[in-house]
>>> print(open('coords.cif').read())   # mmCIF, C-alpha atoms
data_upload
#
loop_
_atom_site.label_atom_id
_atom_site.label_comp_id
_atom_site.auth_asym_id
_atom_site.auth_seq_id
_atom_site.Cartn_x
_atom_site.Cartn_y
_atom_site.Cartn_z
CA MET A 1293 16.69 -68.31 25.85
CA ALA A 1294 20.10 -66.86 26.49
CA GLU A 1295 20.60 -69.07 29.56
CA HIS A 1296 19.80 -72.22 27.58
CA LEU A 1297 22.39 -71.32 24.86
CA LYS A 1298 25.04 -70.74 27.47
CA THR A 1299 24.44 -73.97 29.45
CA GLY A 1300 24.05 -76.09 26.35
CA HIS A 1301 21.55 -78.65 27.87
CA PRO A 1302 19.16 -79.89 25.16
CA GLU A 1303 16.62 -81.16 27.70
CA SER A 1304 16.05 -77.64 28.98
CA ALA A 1305 15.45 -76.15 25.55
CA PRO A 1306 11.94 -74.82 24.87
CA PRO A 1307 9.68 -76.27 22.19
CA PRO A 1308 10.21 -75.14 18.60
CA GLY A 1309 7.19 -72.87 18.63
CA GLU A 1310 8.31 -71.12 21.75
CA ALA A 1311 11.84 -70.87 20.36
CA ALA A 1312 10.57 -69.17 17.23
CA GLU A 1313 8.55 -66.73 19.32
CA ALA A 1314 11.58 -66.09 21.52
CA VAL A 1315 13.73 -65.37 18.51
CA SER A 1316 11.17 -63.03 17.01
CA SER A 1317 10.58 -61.21 20.29
CA GLU A 1318 13.99 -61.24 21.96
CA ALA A 1319 16.73 -61.71 19.36
CA VAL A 1320 15.24 -59.21 16.92
CA PRO A 1321 13.74 -56.43 19.00
CA THR A 1322 11.88 -53.63 17.35
CA ALA A 1323 14.13 -50.59 17.00
CA THR A 1324 12.76 -47.25 17.94
CA VAL A 1325 14.41 -44.38 16.12
CA SER A 1326 14.00 -40.92 17.46
CA PRO A 1327 13.75 -37.96 15.06
CA GLU A 1328 16.95 -36.53 16.51
CA ALA A 1329 18.94 -39.64 15.46
CA VAL A 1330 18.25 -39.11 11.75
CA SER A 1331 18.49 -35.36 11.68
CA PRO A 1332 20.98 -33.79 9.24
CA GLU A 1333 23.07 -32.56 12.13
CA ALA A 1334 23.41 -36.08 13.54
CA VAL A 1335 24.32 -37.55 10.18
CA SER A 1336 26.94 -34.89 9.48
CA SER A 1337 28.45 -35.20 12.96
CA LYS A 1338 28.48 -39.00 13.15
CA ALA A 1339 29.04 -40.22 9.59
CA VAL A 1340 30.77 -37.44 7.67
CA SER A 1341 33.01 -35.77 10.20
CA PRO A 1342 35.33 -38.73 10.99
CA LYS A 1343 36.03 -39.39 7.32
CA ALA A 1344 36.52 -35.73 6.57
CA GLY A 1345 38.74 -35.42 9.62
CA ARG A 1346 40.91 -38.33 8.52
CA SER A 1347 41.19 -36.93 5.01
CA GLY A 1348 42.01 -33.47 6.29
CA ALA A 1349 44.61 -34.88 8.67
CA ALA A 1350 46.20 -36.87 5.84
CA TRP A 1351 46.49 -33.86 3.54
CA TRP A 1352 47.74 -31.72 6.40
CA GLY A 1353 50.42 -34.31 7.14
CA THR A 1354 51.42 -34.36 3.48
CA ALA A 1355 51.63 -30.55 3.35
CA ARG A 1356 53.69 -30.56 6.53
CA GLN A 1357 56.12 -33.10 5.10
CA VAL A 1358 56.44 -31.13 1.85
CA GLY A 1359 57.20 -27.98 3.83
CA LEU A 1360 59.77 -29.85 5.88
CA ARG A 1361 61.45 -31.12 2.72
CA LEU A 1362 61.55 -27.60 1.33
CA LEU A 1363 63.32 -26.45 4.48
CA LEU A 1364 65.77 -29.35 4.22
CA GLY A 1365 66.32 -28.44 0.57
CA ALA A 1366 67.11 -24.84 1.52
CA ALA A 1367 69.57 -26.11 4.12
CA THR A 1368 71.17 -28.38 1.51
CA ILE A 1369 71.58 -25.45 -0.88
CA ALA A 1370 73.17 -23.42 1.93
CA VAL A 1371 75.68 -26.20 2.60
CA VAL A 1372 76.47 -26.49 -1.12
CA VAL A 1373 77.05 -22.73 -1.38
CA THR A 1374 79.34 -22.76 1.67
CA VAL A 1375 81.45 -25.73 0.54
CA THR A 1376 81.75 -24.51 -3.05
CA PHE A 1377 82.68 -20.98 -1.95
CA ALA A 1378 85.40 -22.34 0.33
CA LEU A 1379 86.79 -24.68 -2.32
CA LEU A 1380 86.92 -21.99 -4.99
CA TYR A 1381 89.04 -19.76 -2.76
CA VAL A 1382 91.38 -22.63 -1.95
CA VAL A 1383 92.06 -23.23 -5.66
CA PRO A 1384 95.16 -21.29 -6.73
CA GLY A 1385 94.74 -18.48 -9.21
CA ASP A 1386 93.92 -14.80 -9.29
CA PRO A 1387 90.79 -13.75 -11.22
CA ALA A 1388 92.02 -10.15 -11.33
CA ARG A 1389 95.24 -11.22 -13.04
CA GLY A 1390 93.26 -13.29 -15.54
CA ILE A 1391 91.07 -10.31 -16.39
CA ALA A 1392 93.95 -7.82 -16.65
CA GLY A 1393 96.20 -10.10 -18.68
CA PRO A 1394 99.76 -11.33 -18.12
CA ARG A 1395 101.36 -7.98 -19.00
CA ALA A 1396 99.25 -5.81 -16.72
CA THR A 1397 100.93 -3.71 -14.06
CA PRO A 1398 100.47 -4.53 -10.37
CA GLU A 1399 98.54 -1.28 -9.91
CA LEU A 1400 96.01 -2.30 -12.56
CA VAL A 1401 95.64 -5.75 -11.06
CA GLU A 1402 95.07 -4.24 -7.62
CA ARG A 1403 92.48 -1.82 -8.99
CA ILE A 1404 90.58 -4.68 -10.63
CA ARG A 1405 90.76 -6.66 -7.41
CA GLU A 1406 89.17 -3.78 -5.53
CA GLN A 1407 86.44 -3.43 -8.15
CA LEU A 1408 85.61 -7.11 -7.75
CA HIS A 1409 85.58 -6.73 -3.94
CA LEU A 1410 88.31 -9.34 -3.63
CA THR A 1411 90.23 -7.28 -1.08
CA ALA A 1412 87.48 -7.60 1.56
CA PRO A 1413 87.79 -10.28 4.26
CA LEU A 1414 86.70 -13.74 3.20
CA TRP A 1415 83.79 -13.94 5.65
CA GLU A 1416 82.45 -10.63 4.35
CA GLN A 1417 82.64 -11.84 0.75
CA TYR A 1418 80.82 -15.03 1.71
CA TRP A 1419 78.10 -13.16 3.60
CA GLU A 1420 77.42 -10.81 0.69
CA TYR A 1421 77.31 -13.68 -1.78
CA ALA A 1422 75.04 -15.82 0.42
CA LYS A 1423 72.58 -12.94 0.82
CA GLY A 1424 72.58 -12.47 -2.94
CA VAL A 1425 71.94 -16.17 -3.61
CA PHE A 1426 68.84 -16.33 -1.41
CA THR A 1427 67.49 -13.14 -3.00
CA GLY A 1428 68.12 -14.34 -6.57
CA ASP A 1429 71.24 -12.27 -7.23
CA LEU A 1430 74.11 -14.52 -8.39
CA GLY A 1431 76.49 -11.67 -9.14
CA GLU A 1432 78.11 -10.66 -12.42
CA SER A 1433 80.52 -12.52 -14.62
CA TYR A 1434 84.14 -11.46 -14.32
CA GLN A 1435 84.83 -12.00 -18.01
CA ARG A 1436 81.56 -10.92 -19.64
CA GLY A 1437 80.25 -8.31 -17.23
CA THR A 1438 76.78 -9.87 -17.59
CA PRO A 1439 74.58 -10.95 -14.67
CA VAL A 1440 75.12 -14.61 -13.93
CA ALA A 1441 71.37 -15.19 -13.67
CA THR A 1442 70.99 -13.98 -17.26
CA LEU A 1443 73.75 -16.26 -18.55
CA ILE A 1444 72.31 -19.30 -16.80
CA GLY A 1445 68.74 -18.42 -17.73
CA ASP A 1446 69.66 -18.37 -21.43
CA ARG A 1447 71.19 -21.87 -21.26
CA LEU A 1448 69.03 -23.58 -18.67
CA PRO A 1449 66.15 -24.48 -21.06
CA SER A 1450 68.58 -26.37 -23.32
CA THR A 1451 69.91 -28.37 -20.38
CA LEU A 1452 66.41 -29.16 -19.12
CA LEU A 1453 65.38 -30.29 -22.61
CA LEU A 1454 68.39 -32.59 -22.79
CA CYS A 1455 67.69 -34.04 -19.34
CA VAL A 1456 64.02 -34.71 -20.12
CA ALA A 1457 64.91 -36.42 -23.41
CA ALA A 1458 67.58 -38.53 -21.69
CA LEU A 1459 65.14 -39.46 -18.92
CA PHE A 1460 62.66 -40.65 -21.54
CA VAL A 1461 65.37 -42.76 -23.21
CA GLU A 1462 66.57 -44.46 -20.04
CA ILE A 1463 63.09 -45.16 -18.67
CA LEU A 1464 61.90 -46.56 -22.01
CA LEU A 1465 64.90 -48.82 -22.59
CA GLY A 1466 65.36 -49.77 -18.93
CA ALA A 1467 61.67 -50.63 -18.49
CA ALA A 1468 61.72 -52.72 -21.66
CA LEU A 1469 64.74 -54.75 -20.52
CA GLY A 1470 63.42 -55.14 -16.97
CA THR A 1471 59.96 -56.20 -18.16
CA TRP A 1472 61.48 -58.74 -20.54
CA GLU A 1473 63.45 -60.37 -17.72
CA ALA A 1474 60.56 -60.26 -15.24
CA LEU A 1475 58.12 -61.94 -17.64
CA ARG A 1476 60.65 -64.62 -18.52
CA GLY A 1477 61.18 -65.35 -14.83
CA ARG A 1478 64.98 -65.65 -15.03
CA ARG A 1479 68.12 -63.66 -15.74
CA LEU A 1480 68.80 -63.27 -19.45
CA MET A 1481 72.37 -63.23 -20.69
CA PRO A 1482 71.86 -60.49 -23.34
CA VAL A 1483 70.33 -58.15 -20.77
CA LEU A 1484 73.05 -58.93 -18.24
CA MET A 1485 75.82 -58.26 -20.75
CA THR A 1486 74.17 -55.02 -21.88
CA ASN A 1487 73.88 -53.76 -18.32
CA ILE A 1488 77.48 -54.61 -17.50
CA ALA A 1489 78.74 -52.89 -20.66
CA LEU A 1490 76.77 -49.71 -19.98
CA LEU A 1491 77.97 -49.62 -16.38
CA ALA A 1492 81.60 -50.14 -17.37
CA ILE A 1493 81.79 -47.37 -20.00
CA PRO A 1494 81.95 -43.81 -18.59
CA ALA A 1495 79.64 -41.16 -20.01
CA PHE A 1496 82.42 -39.17 -21.69
CA ALA A 1497 83.90 -42.28 -23.34
CA LEU A 1498 80.47 -43.37 -24.58
CA GLY A 1499 79.90 -39.87 -25.93
CA TYR A 1500 83.14 -39.90 -27.91
CA LEU A 1501 82.34 -43.35 -29.29
CA PHE A 1502 78.91 -42.24 -30.48
CA LEU A 1503 80.30 -39.03 -31.93
CA LEU A 1504 83.00 -40.87 -33.89
CA ALA A 1505 80.70 -43.68 -35.02
CA PHE A 1506 77.48 -41.89 -35.93
CA GLY A 1507 78.76 -38.36 -36.46
CA TYR A 1508 82.06 -38.73 -38.32
CA GLY A 1509 81.94 -42.38 -39.38
CA LEU A 1510 78.42 -42.94 -40.68
CA GLY A 1511 77.54 -39.28 -41.02
CA ILE A 1512 73.94 -39.76 -39.92
CA ALA A 1513 74.06 -37.24 -37.04
CA PRO A 1514 75.27 -33.61 -36.99
CA VAL A 1515 78.50 -32.91 -35.17
CA SER A 1516 78.51 -29.11 -35.14
CA ASN A 1517 77.11 -26.92 -32.38
CA GLY A 1518 73.35 -26.61 -32.31
CA ALA A 1519 70.23 -26.86 -30.16
CA ASP A 1520 67.64 -28.28 -32.55
CA ALA A 1521 66.04 -31.74 -32.63
CA ALA A 1522 68.73 -33.21 -34.88
CA HIS A 1523 71.50 -32.17 -32.48
CA LEU A 1524 69.51 -33.49 -29.51
CA VAL A 1525 69.40 -37.15 -30.55
CA LEU A 1526 72.97 -38.28 -29.85
CA PRO A 1527 73.52 -36.46 -26.52
CA ALA A 1528 70.12 -37.60 -25.24
CA ILE A 1529 70.86 -41.23 -26.12
CA VAL A 1530 74.32 -41.11 -24.55
CA LEU A 1531 73.07 -39.44 -21.37
CA GLY A 1532 70.11 -41.81 -21.18
CA LEU A 1533 72.11 -44.99 -21.69
CA THR A 1534 74.08 -44.33 -18.50
CA GLY A 1535 70.93 -44.98 -16.43
CA VAL A 1536 69.44 -47.91 -18.35
CA PRO A 1537 70.98 -50.66 -16.12
CA TYR A 1538 69.53 -49.12 -12.96
CA TYR A 1539 66.02 -48.86 -14.37
CA ALA A 1540 66.23 -52.40 -15.74
CA SER A 1541 67.10 -53.74 -12.28
CA VAL A 1542 64.41 -51.71 -10.51
CA VAL A 1543 61.68 -52.69 -12.97
CA ARG A 1544 62.70 -56.36 -12.98
CA ASP A 1545 62.73 -56.66 -9.18
CA GLY A 1546 59.51 -54.67 -8.78
CA MET A 1547 57.61 -56.66 -11.38
CA ALA A 1548 58.90 -59.99 -10.07
CA ALA A 1549 57.74 -59.15 -6.54
CA THR A 1550 54.36 -57.90 -7.76
CA LEU A 1551 53.75 -60.91 -9.99
CA ALA A 1552 54.31 -63.19 -6.99
CA SER A 1553 51.97 -61.21 -4.71
CA PRO A 1554 48.60 -62.68 -3.63
CA HIS A 1555 46.41 -60.00 -5.25
CA VAL A 1556 47.96 -60.67 -8.68
CA ARG A 1557 47.43 -64.42 -8.26
CA THR A 1558 43.82 -63.71 -7.33
CA ALA A 1559 43.38 -61.58 -10.44
CA VAL A 1560 44.78 -64.37 -12.60
CA ALA A 1561 42.51 -66.91 -10.89
CA LYS A 1562 39.49 -64.73 -11.69
CA GLY A 1563 40.29 -65.09 -15.37
CA LEU A 1564 41.76 -61.67 -16.18
CA SER A 1565 43.92 -61.63 -19.28
CA ARG A 1566 47.66 -61.17 -19.00
CA PRO A 1567 47.67 -57.63 -20.50
CA ALA A 1568 44.88 -56.61 -18.12
CA VAL A 1569 46.78 -57.94 -15.10
CA LEU A 1570 49.93 -56.13 -16.16
CA ARG A 1571 48.10 -52.89 -16.85
CA ARG A 1572 45.86 -52.78 -13.76
CA HIS A 1573 48.00 -54.36 -11.08
CA VAL A 1574 51.66 -54.80 -12.00
CA LEU A 1575 52.61 -51.58 -13.80
CA ARG A 1576 51.12 -49.27 -11.18
CA CYS A 1577 52.99 -50.98 -8.36
CA THR A 1578 56.22 -50.84 -10.37
CA LEU A 1579 55.82 -47.15 -11.17
CA SER A 1580 56.55 -45.99 -7.62
CA PRO A 1581 60.22 -47.14 -7.46
CA VAL A 1582 60.73 -45.88 -11.01
CA LEU A 1583 59.67 -42.39 -9.92
CA THR A 1584 62.04 -42.60 -6.97
CA MET A 1585 64.87 -43.51 -9.31
CA ALA A 1586 63.93 -40.63 -11.61
CA GLY A 1587 64.25 -38.18 -8.74
CA MET A 1588 67.70 -39.51 -7.93
CA ASP A 1589 68.67 -39.31 -11.60
CA VAL A 1590 68.59 -35.53 -11.50
CA ALA A 1591 71.83 -35.54 -9.51
CA ILE A 1592 73.42 -38.01 -11.94
CA PHE A 1593 72.37 -35.90 -14.91
CA VAL A 1594 73.85 -32.77 -13.36
CA SER A 1595 77.25 -34.44 -13.16
CA ASN A 1596 77.17 -36.21 -16.53
CA VAL A 1597 75.66 -33.34 -18.49
CA VAL A 1598 78.95 -31.43 -18.25
CA PHE A 1599 80.78 -34.10 -20.28
CA VAL A 1600 77.95 -34.75 -22.71
CA GLU A 1601 77.34 -31.08 -23.51
CA THR A 1602 81.04 -30.44 -23.98
CA ILE A 1603 81.52 -33.40 -26.31
CA PHE A 1604 78.51 -32.67 -28.52
CA GLY A 1605 78.64 -28.88 -28.30
CA TRP A 1606 75.21 -28.63 -26.71
CA PRO A 1607 74.65 -25.03 -25.47
CA GLY A 1608 73.67 -25.76 -21.87
CA ILE A 1609 74.90 -24.88 -18.42
CA GLY A 1610 77.40 -27.76 -18.58
CA ARG A 1611 79.45 -26.03 -21.27
CA LEU A 1612 79.05 -22.74 -19.42
CA GLN A 1613 80.49 -24.35 -16.31
CA VAL A 1614 83.51 -25.70 -18.18
CA THR A 1615 84.21 -22.30 -19.75
CA ALA A 1616 83.85 -20.55 -16.39
CA PHE A 1617 86.32 -22.95 -14.80
CA ALA A 1618 88.88 -22.32 -17.54
CA ASP A 1619 88.46 -18.53 -17.23
CA GLN A 1620 88.48 -18.59 -13.39
CA ASP A 1621 85.08 -16.88 -13.54
CA ARG A 1622 84.04 -17.60 -9.97
CA PRO A 1623 80.55 -16.03 -10.01
CA VAL A 1624 79.52 -18.04 -13.09
CA LEU A 1625 80.99 -21.23 -11.68
CA MET A 1626 79.29 -20.68 -8.33
CA GLY A 1627 76.02 -19.86 -10.09
CA THR A 1628 76.00 -23.11 -12.06
CA VAL A 1629 76.65 -25.10 -8.88
CA VAL A 1630 73.82 -23.34 -7.04
CA VAL A 1631 71.39 -23.91 -9.91
CA ALA A 1632 72.41 -27.58 -10.06
CA ALA A 1633 71.71 -27.95 -6.33
CA VAL A 1634 68.30 -26.32 -6.74
CA LEU A 1635 67.47 -28.69 -9.62
CA VAL A 1636 68.40 -31.72 -7.51
CA VAL A 1637 66.20 -30.58 -4.62
CA LEU A 1638 63.23 -29.76 -6.86
CA GLY A 1639 63.64 -33.00 -8.83
CA ASN A 1640 63.48 -35.14 -5.70
CA LEU A 1641 60.53 -33.17 -4.34
CA LEU A 1642 58.65 -33.56 -7.63
CA ALA A 1643 59.36 -37.29 -7.71
CA ASP A 1644 58.07 -37.74 -4.15
CA THR A 1645 54.93 -35.75 -4.98
CA LEU A 1646 54.23 -37.89 -8.05
CA ARG A 1647 54.75 -41.03 -5.99
CA SER A 1648 52.16 -39.87 -3.48
CA VAL A 1649 49.69 -39.38 -6.33
CA VAL A 1650 50.38 -42.70 -8.06
CA ASP A 1651 50.86 -44.91 -5.00
CA PRO A 1652 48.71 -44.22 -1.89
CA ARG A 1653 51.16 -46.22 0.23
CA SER A 1654 53.85 -43.58 -0.28
CA ARG A 1655 51.33 -40.93 0.80
CA GLN A 1656 50.92 -42.82 4.07
CA GLU A 1657 54.70 -42.88 4.45
CA LEU A 1658 54.77 -39.09 4.10
CA THR A 1659 52.12 -38.57 6.78
CA THR A 1660 53.71 -40.86 9.37
#
>>> encode(input="coords.cif", output="structure tokens")
Amino acid sequence: MAEHLKTGHPESAPPPGEAAEAVSSEAVPTATVSPEAVSPEAVSSKAVSPKAGRSGAAWWGTARQVGLRLLLGAATIAVVVTVTFALLYVVPGDPARGIAGPRATPELVERIREQLHLTAPLWEQYWEYAKGVFTGDLGESYQRGTPVATLIGDRLPSTLLLCVAALFVEILLGAALGTWEALRGRRLMPVLMTNIALLAIPAFALGYLFLLAFGYGLGIAPVSNGADAAHLVLPAIVLGLTGVPYYASVVRDGMAATLASPHVRTAVAKGLSRPAVLRRHVLRCTLSPVLTMAGMDVAIFVSNVVFVETIFGWPGIGRLQVTAFADQDRPVLMGTVVVAAVLVVLGNLLADTLRSVVDPRSRQELTT
């Protein structure tokens, strides 16, 4: 039978009856299964092990990449500590003179300098400070005599609350503008003008405008120092508006590309409603770049939060950093920079982890 199919000569083909018997006897032979082939050991070794091995290898690759990023984050923090330490000692000014006062005698200033270990060689001061940073000891404040870790720990929750609220504002508004443009299929002039205006106005100028308009002008927002919900509204909106144009662009481009993809067209052809298509297919694909942008936003917040907290009197590490710079309080200033670097590293690591959970494709990128 096999020779006839290969040669293709109809005159040499067997009669239909014989062909049927040949098919039943040759093409579909009776399979003989030995007991060993269906034993539990054979099933576990042939069917389960490859899948479990692939899954274990994938998670091991992810864990390895996370560990590598933690090491890179520690190296980044070390570089930040080194550069900041060098820059602070290049800046003119004597912390001992600032503590003693302008009328202090040279002997008193020298005694304070020795107490602060400022007379030791620069490399020795750096080594002692670096060891303290990686053991959790950020030193003591020159002006307050309080551990820097305590000062930052008291203000860090307020800064984190402000950053989370601002992140919610910018993702909500940016996603709304980007979705509007993507569903319309063209650039909209109101959205374009809004994005350009928000990009052109610096964070500190926008903060002053909001404070004058809604705080002093309309009187609908408190202007005094505070850390409650009423005092959180204006600084969160100002800090969040600085990132709205970026999220609008990311969401618009991501949704436009996803809407034009073949699997979305197939879903529409199957008769799925527009909300179902957006919810099941489009939003999940768009969420991955949004999470990436959120991780990058931590660095932007760290720089802008100094201006926003100072303008609105929000009791966070931004105001603490400004006060430490004015008082030449080097340990406090160094501590705020180190904490900011740690927040940036952890924010990016958290964003990458969430991306691997939401989008399996990013998990494959981590393991390769």
>>> closest_residue(input="coords.cif", among="A:Ala1522, A:Ala1591, A:Leu1646, A:Ile1444", to="Pro1623 of chain A", atoms="all atoms listed in the file")
A:Ile1444
>>> resolve_selection(input="coords.cif", expression="the PyMOL selection byres ((chain A and resi 1632) around 10)", output="list in words")
Ile1369, Val1372, Val1590, Ala1591, Phe1593, Val1594, Ser1595, Ile1609, Gly1610, Met1626, Gly1627, Thr1628, Val1629, Val1630, Val1631, Ala1633, Val1634, Leu1635, Val1636, Val1637 and Leu1638 of chain A
>>> residues_near_point(input="coords.cif", point="(87.3, -20.5, 0.3)", cutoff="12 Å", atoms="only C-alpha atoms", output="list of chain:residue names")
A:Val1373, A:Thr1374, A:Val1375, A:Thr1376, A:Phe1377, A:Ala1378, A:Leu1379, A:Leu1380, A:Tyr1381, A:Val1382, A:Val1383, A:Pro1384, A:Leu1410, A:Pro1413, A:Leu1414, A:Trp1415, A:Glu1416, A:Gln1417, A:Tyr1418, A:Arg1622, A:Met1626
>>> atom_distance(input="coords.cif", atom1="atom CA of Ala1540 of chain A", atom2="atom CA of Thr1486 of chain A")
10.4 Å
>>> residues_around(input="coords.cif", residues="segment 1445-1455 of chain A", least_positions_apart="3", cutoff="12 Å", atoms="all atoms listed in the file", output="NGL selection string")
:A and (1428 or 1430 or 1438-1442 or 1458-1462 or 1518-1521 or 1523-1532 or 1535 or 1586-1587 or 1589-1598 or 1600-1602 or 1604-1613 or 1624 or 1627-1628 or 1631-1632 or 1635 or 1639)
>>> closest_residue(input="coords.cif", among="A:Pro1554, A:Ile1603, A:Glu1402, A:Gly1546", to="Arg1576 of chain A", atoms="all atoms listed in the file")
A:Gly1546
>>> atom_distance(input="coords.cif", atom1="atom CA of Ala1549 of chain A", atom2="atom CA of Leu1490 of chain A")
25.1 Å
>>> atom_distance(input="coords.cif", atom1="atom CA of Leu1642 of chain A", atom2="atom CA of Thr1584 of chain A")
9.7 Å
>>> closest_residue(input="coords.cif", among="A:Ala1559, A:Leu1533, A:Ala1643, A:Thr1550", to="Leu1464 of chain A", atoms="only C-alpha atoms")
A:Leu1533
>>> residues_around(input="coords.cif", residues="Ala1489 of chain A", least_positions_apart="4", cutoff="12 Å", atoms="all atoms listed in the file", output="list in words")
Pro1482, Val1483, Leu1484, Met1485, Ile1493, Pro1494, Ala1495, Leu1498, Leu1533, Thr1534, Gly1535, Val1536 and Pro1537 of chain A
>>> residues_near_point(input="coords.cif", point="(55.7, -46.9, -5.7)", cutoff="6 Å", atoms="only C-alpha atoms", output="PDB file with C-alpha atoms, keeping the file's coordinate frame")
ATOM      1  CA  CYS A1577      52.990 -50.980  -8.360  1.00  0.00           C
ATOM      2  CA  LEU A1579      55.820 -47.150 -11.170  1.00  0.00           C
ATOM      3  CA  SER A1580      56.550 -45.990  -7.620  1.00  0.00           C
ATOM      4  CA  PRO A1581      60.220 -47.140  -7.460  1.00  0.00           C
ATOM      5  CA  ARG A1647      54.750 -41.030  -5.990  1.00  0.00           C
ATOM      6  CA  ASP A1651      50.860 -44.910  -5.000  1.00  0.00           C
TER       7      ASP A1651
END
>>> closest_residue(input="coords.cif", among="A:Val1371, A:Ala1513, A:Val1574, A:Leu1400", to="Ala1422 of chain A", atoms="only C-alpha atoms")
A:Val1371
>>> closest_residue(input="coords.cif", among="A:Leu1625, A:Leu1570, A:Pro1514, A:Leu1641", to="Met1588 of chain A", atoms="all atoms listed in the file")
A:Leu1641
